[in-house]
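S.K.: One file is attached below, data-v2.csv, containing CSV, C-alpha atoms.
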```csv
chain,number,residue,atom,x,y,z
D,202,MET,CA,36.6,-44.8,14.2
D,203,ARG,CA,39.6,-44.7,11.9
D,204,LEU,CA,43.1,-45.2,13.2
D,205,ILE,CA,45.6,-43.3,11.2
D,206,ALA,CA,48.7,-43.5,13.3
D,207,SER,CA,49.8,-45.0,16.6
D,208,GLY,CA,50.1,-42.7,19.6
D,209,SER,CA,53.0,-44.6,21.0
D,210,ASN,CA,55.2,-47.5,19.9
D,211,SER,CA,57.9,-49.8,21.0
D,212,THR,CA,61.5,-50.1,19.9
D,213,GLY,CA,61.2,-53.9,20.3
D,214,HIS,CA,64.3,-54.0,22.5
D,215,ALA,CA,64.0,-55.1,26.2
D,216,GLY,CA,65.6,-52.6,28.5
D,217,LYS,CA,65.8,-50.0,25.8
D,218,ASP,CA,62.2,-49.2,25.0
D,219,VAL,CA,60.4,-45.9,25.0
D,220,THR,CA,58.6,-46.7,28.2
D,221,MET,CA,60.4,-48.5,31.1
D,222,ILE,CA,59.9,-49.4,34.7
D,223,ARG,CA,62.9,-48.4,36.7
D,224,VAL,CA,64.1,-48.9,40.3
D,225,PRO,CA,67.2,-47.7,42.2
D,226,LYS,CA,70.2,-49.8,41.3
D,227,ASP,CA,70.4,-51.3,44.8
D,228,SER,CA,66.7,-52.2,45.0
D,229,PRO,CA,65.7,-55.7,45.9
D,230,ILE,CA,63.0,-55.5,43.2
D,231,ARG,CA,64.0,-57.7,40.4
D,232,SER,CA,60.9,-57.9,38.2
D,233,ALA,CA,57.5,-56.3,37.6
D,234,ALA,CA,55.8,-59.0,39.8
D,235,ASP,CA,57.9,-57.7,42.7
D,236,LEU,CA,56.0,-54.4,42.6
D,237,ALA,CA,53.1,-55.8,44.6
D,238,GLY,CA,52.9,-53.8,47.8
D,239,LYS,CA,55.2,-51.1,46.4
D,240,LYS,CA,54.7,-47.4,45.6
D,241,VAL,CA,55.2,-46.8,41.9
D,242,SER,CA,54.9,-43.4,40.2
D,243,VAL,CA,53.2,-42.6,36.9
D,244,ASN,CA,52.9,-39.2,35.4
D,245,THR,CA,49.1,-39.4,35.4
D,246,LEU,CA,46.8,-41.8,37.3
D,247,ASN,CA,44.4,-43.9,35.3
D,248,ASN,CA,46.2,-43.2,32.1
D,249,LEU,CA,48.5,-45.0,29.6
D,250,LEU,CA,51.6,-45.4,31.8
D,251,GLN,CA,49.6,-46.8,34.7
D,252,MET,CA,48.0,-49.3,32.3
D,253,LEU,CA,51.4,-50.3,31.0
D,254,GLY,CA,52.6,-50.8,34.5
D,255,GLU,CA,49.6,-53.0,35.3
D,256,VAL,CA,50.2,-55.0,32.1
D,257,ALA,CA,53.9,-55.6,33.0
D,258,VAL,CA,52.9,-56.8,36.5
D,259,THR,CA,50.2,-59.1,35.1
D,260,ALA,CA,52.5,-60.5,32.4
D,261,ASP,CA,55.1,-61.3,35.0
D,262,GLY,CA,52.6,-63.2,37.1
D,263,GLY,CA,51.9,-60.5,39.7
D,264,ASP,CA,48.8,-58.8,40.9
D,265,PRO,CA,48.5,-55.2,39.6
D,266,ASP,CA,45.8,-54.4,42.2
D,267,LYS,CA,48.4,-54.7,44.9
D,268,VAL,CA,50.6,-52.0,43.4
D,269,LYS,CA,50.1,-48.5,44.8
D,270,PHE,CA,50.3,-46.1,41.8
D,271,VAL,CA,51.0,-42.5,42.7
D,272,GLU,CA,50.9,-39.5,40.4
D,273,LEU,CA,54.2,-37.6,40.0
D,274,PRO,CA,55.5,-35.5,37.1
D,275,PHE,CA,58.5,-37.3,35.5
D,276,PRO,CA,61.2,-34.9,36.8
D,277,ASP,CA,59.8,-35.2,40.4
D,278,ALA,CA,59.7,-39.0,40.1
D,279,VAL,CA,63.4,-39.2,39.3
D,280,THR,CA,64.2,-37.2,42.4
D,281,ALA,CA,61.6,-39.2,44.5
D,282,LEU,CA,63.1,-42.5,43.4
D,283,GLY,CA,66.6,-41.3,44.4
D,284,LYS,CA,65.3,-40.2,47.8
D,285,GLY,CA,63.4,-43.5,48.4
D,286,ASP,CA,60.0,-41.8,48.5
D,287,ILE,CA,58.8,-44.2,45.8
D,288,ASP,CA,60.0,-47.8,45.0
D,289,ALA,CA,59.8,-47.6,41.2
D,290,MET,CA,58.7,-45.4,38.4
D,291,VAL,CA,57.1,-46.0,35.0
D,292,THR,CA,58.9,-43.6,32.8
D,293,ALA,CA,59.0,-42.5,29.1
D,294,GLU,CA,61.5,-40.7,27.0
D,295,PRO,CA,63.2,-38.3,27.3
D,296,PHE,CA,62.9,-38.9,31.1
D,297,ASP,CA,64.0,-42.5,30.9
D,298,THR,CA,67.4,-41.3,29.7
D,299,ILE,CA,67.5,-38.9,32.6
D,300,ALA,CA,66.5,-41.7,35.0
D,301,ALA,CA,69.1,-44.0,33.5
D,302,GLY,CA,71.8,-41.5,34.5
D,303,ALA,CA,70.5,-41.3,38.1
D,304,ASP,CA,71.7,-44.8,39.4
D,305,THR,CA,68.6,-46.7,38.3
D,306,ARG,CA,68.0,-50.0,36.5
D,307,VAL,CA,65.3,-51.4,34.4
D,308,VAL,CA,63.0,-54.2,35.7
D,309,ALA,CA,60.4,-54.2,32.9
D,310,SER,CA,59.7,-53.1,29.4
D,311,PRO,CA,55.9,-52.7,29.5
D,312,TYR,CA,55.3,-52.5,25.7
D,313,LEU,CA,57.1,-55.8,25.2
D,314,GLU,CA,55.3,-57.3,28.2
D,315,MET,CA,52.0,-56.2,26.6
D,316,ALA,CA,52.9,-57.9,23.3
D,317,LYS,CA,53.3,-61.2,25.2
D,318,THR,CA,49.8,-61.0,26.6
D,319,SER,CA,48.0,-60.2,23.4
```
How does the structure come out when it is put into structure tokens?
M.R.:
Amino acid sequence: MRLIASGSNSTGHAGKDVTMIRVPKDSPIRSAADLAGKKVSVNTLNNLLQMLGEVAVTADGGDPDKVKFVELPFPDAVTALGKGDIDAMVTAEPFDTIAAGADTRVVASPYLEMAKTS
């Protein structure tokens, strides 16, 4: 196999990366480890964003097997987060910018968390 270009990358800036984990502004969730027992959306189950969510939870000392990942398209996830149907969302641009404008806050930057574990 030859790798000629990365499929995704990081900005290297916590809280301002291309993939983020967001919660409502008033959520008691403060870190990725707090996602245990919570419902967290990803755009596709068993894919990159779920893996990044699991990495962030693990890097923060949590158990990713205790997170309930659910599949929701990004636009639906922003709405579901606002309605309280999910506890958090793993998002990517340009939907992270949309979620940022919808009374959410960042609890983890998965690419940066992944760099800590490698």
S.K.: Identify which of the residues D:Asp261, D:Asp235, D:Asp304, D:Glu314 lies closest to Gly283 (chain D), counting all atoms listed in the file when measuring atom-to-atom distances.
M.R.: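 The closest residue to Gly283 (chain D) is D:Asp304.
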S.K.: So that I can check the surroundings of Lys240 (chain D), please list as a list in words every protein, DNA and RNA residue that reaches within 10 Å of it, counting all atoms listed in the file and ignoring chain neighbours fewer than 5 positions away.
M.R.: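 After dropping sequence-adjacent residues, the list is Lys267, Val268, Lys269, Phe270, Val271, Leu282, Gly285, Asp286, Ile287, Asp288, Ala289 and Met290 of chain D.
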S.K.: Between CA of Gly302 (chain D) and CA of Gly262 (chain D), measure the distance and give it in Å to one decimal.
M.R.: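 So the answer is 29.1 Å.
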S.K.: Which one of D:Ala309, D:Ala281, D:Val258, D:Met221 sits closest to Phe296 (chain D) if you count only C-alpha atoms?
M.R.: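 For Phe296 (chain D), the nearest of the given residues is D:Met221.
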S.K.: Can you tell me how far CA of Leu250 (chain D) sits from CA of Thr292 (chain D), in Å to one decimal?
M.R.: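 Atom-to-atom, CA of Leu250 (chain D) to CA of Thr292 (chain D), that is 7.6 Å.
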S.K.: Using all atoms listed in the file, can you tell me which of D:Thr305, D:Ala260, D:Leu249, D:Val291 comes closest to Ile222 (chain D)?
M.R.: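 Comparing D:Thr305, D:Ala260, D:Leu249, D:Val291 against Ile222 (chain D), the winner is D:Val291.
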S.K.: Between D:Thr220, D:Ser310, D:Thr245, D:Thr298, single out the one closest to Ser232 (chain D), counting all atoms listed in the file.
M.R.: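 Among the listed residues, D:Ser310 lies closest to Ser232 (chain D).
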S.K.: So, counting only C-alpha atoms, which residue among D:Ala301, D:Ala257, D:Val279, D:Val307 is closest to Ala233 (chain D)?
M.R.: D:Ala257
S.K.: Give me the residues within 8 Å of Leu273 (chain D) as a ChimeraX atom specification, counting all atoms listed in the file and dropping any in the same chain fewer than 4 places off.
M.R.: /D:242-245,277-278
S.K.: Here is a test: counting only C-alpha atoms, which residue of D:Pro229, D:Ala234, D:Pro311, D:Pro276 is nearest to Met252 (chain D)?
M.R.: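 Ranking D:Pro229, D:Ala234, D:Pro311, D:Pro276 by distance to Met252 (chain D), first place goes to D:Pro311.
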S.K.: For the atom pair CA of Pro265 (chain D) and CA of Ala237 (chain D), what is the interatomic distance in Å to one decimal place?
M.R.: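 Atom-to-atom, CA of Pro265 (chain D) to CA of Ala237 (chain D), that is 6.8 Å.
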S.K.: How big is the axis-aligned box around the listed atoms of region 231-246 of chain D once 4 Å is added on each side, and where is its centre? Give both in Å to one decimal, as lines of an AutoDock Vina configuration file.
M.R.:
```
center_x = 55.4
center_y = -49.1
center_z = 41.6
size_x = 25.2
size_y = 27.8
size_z = 20.4
```
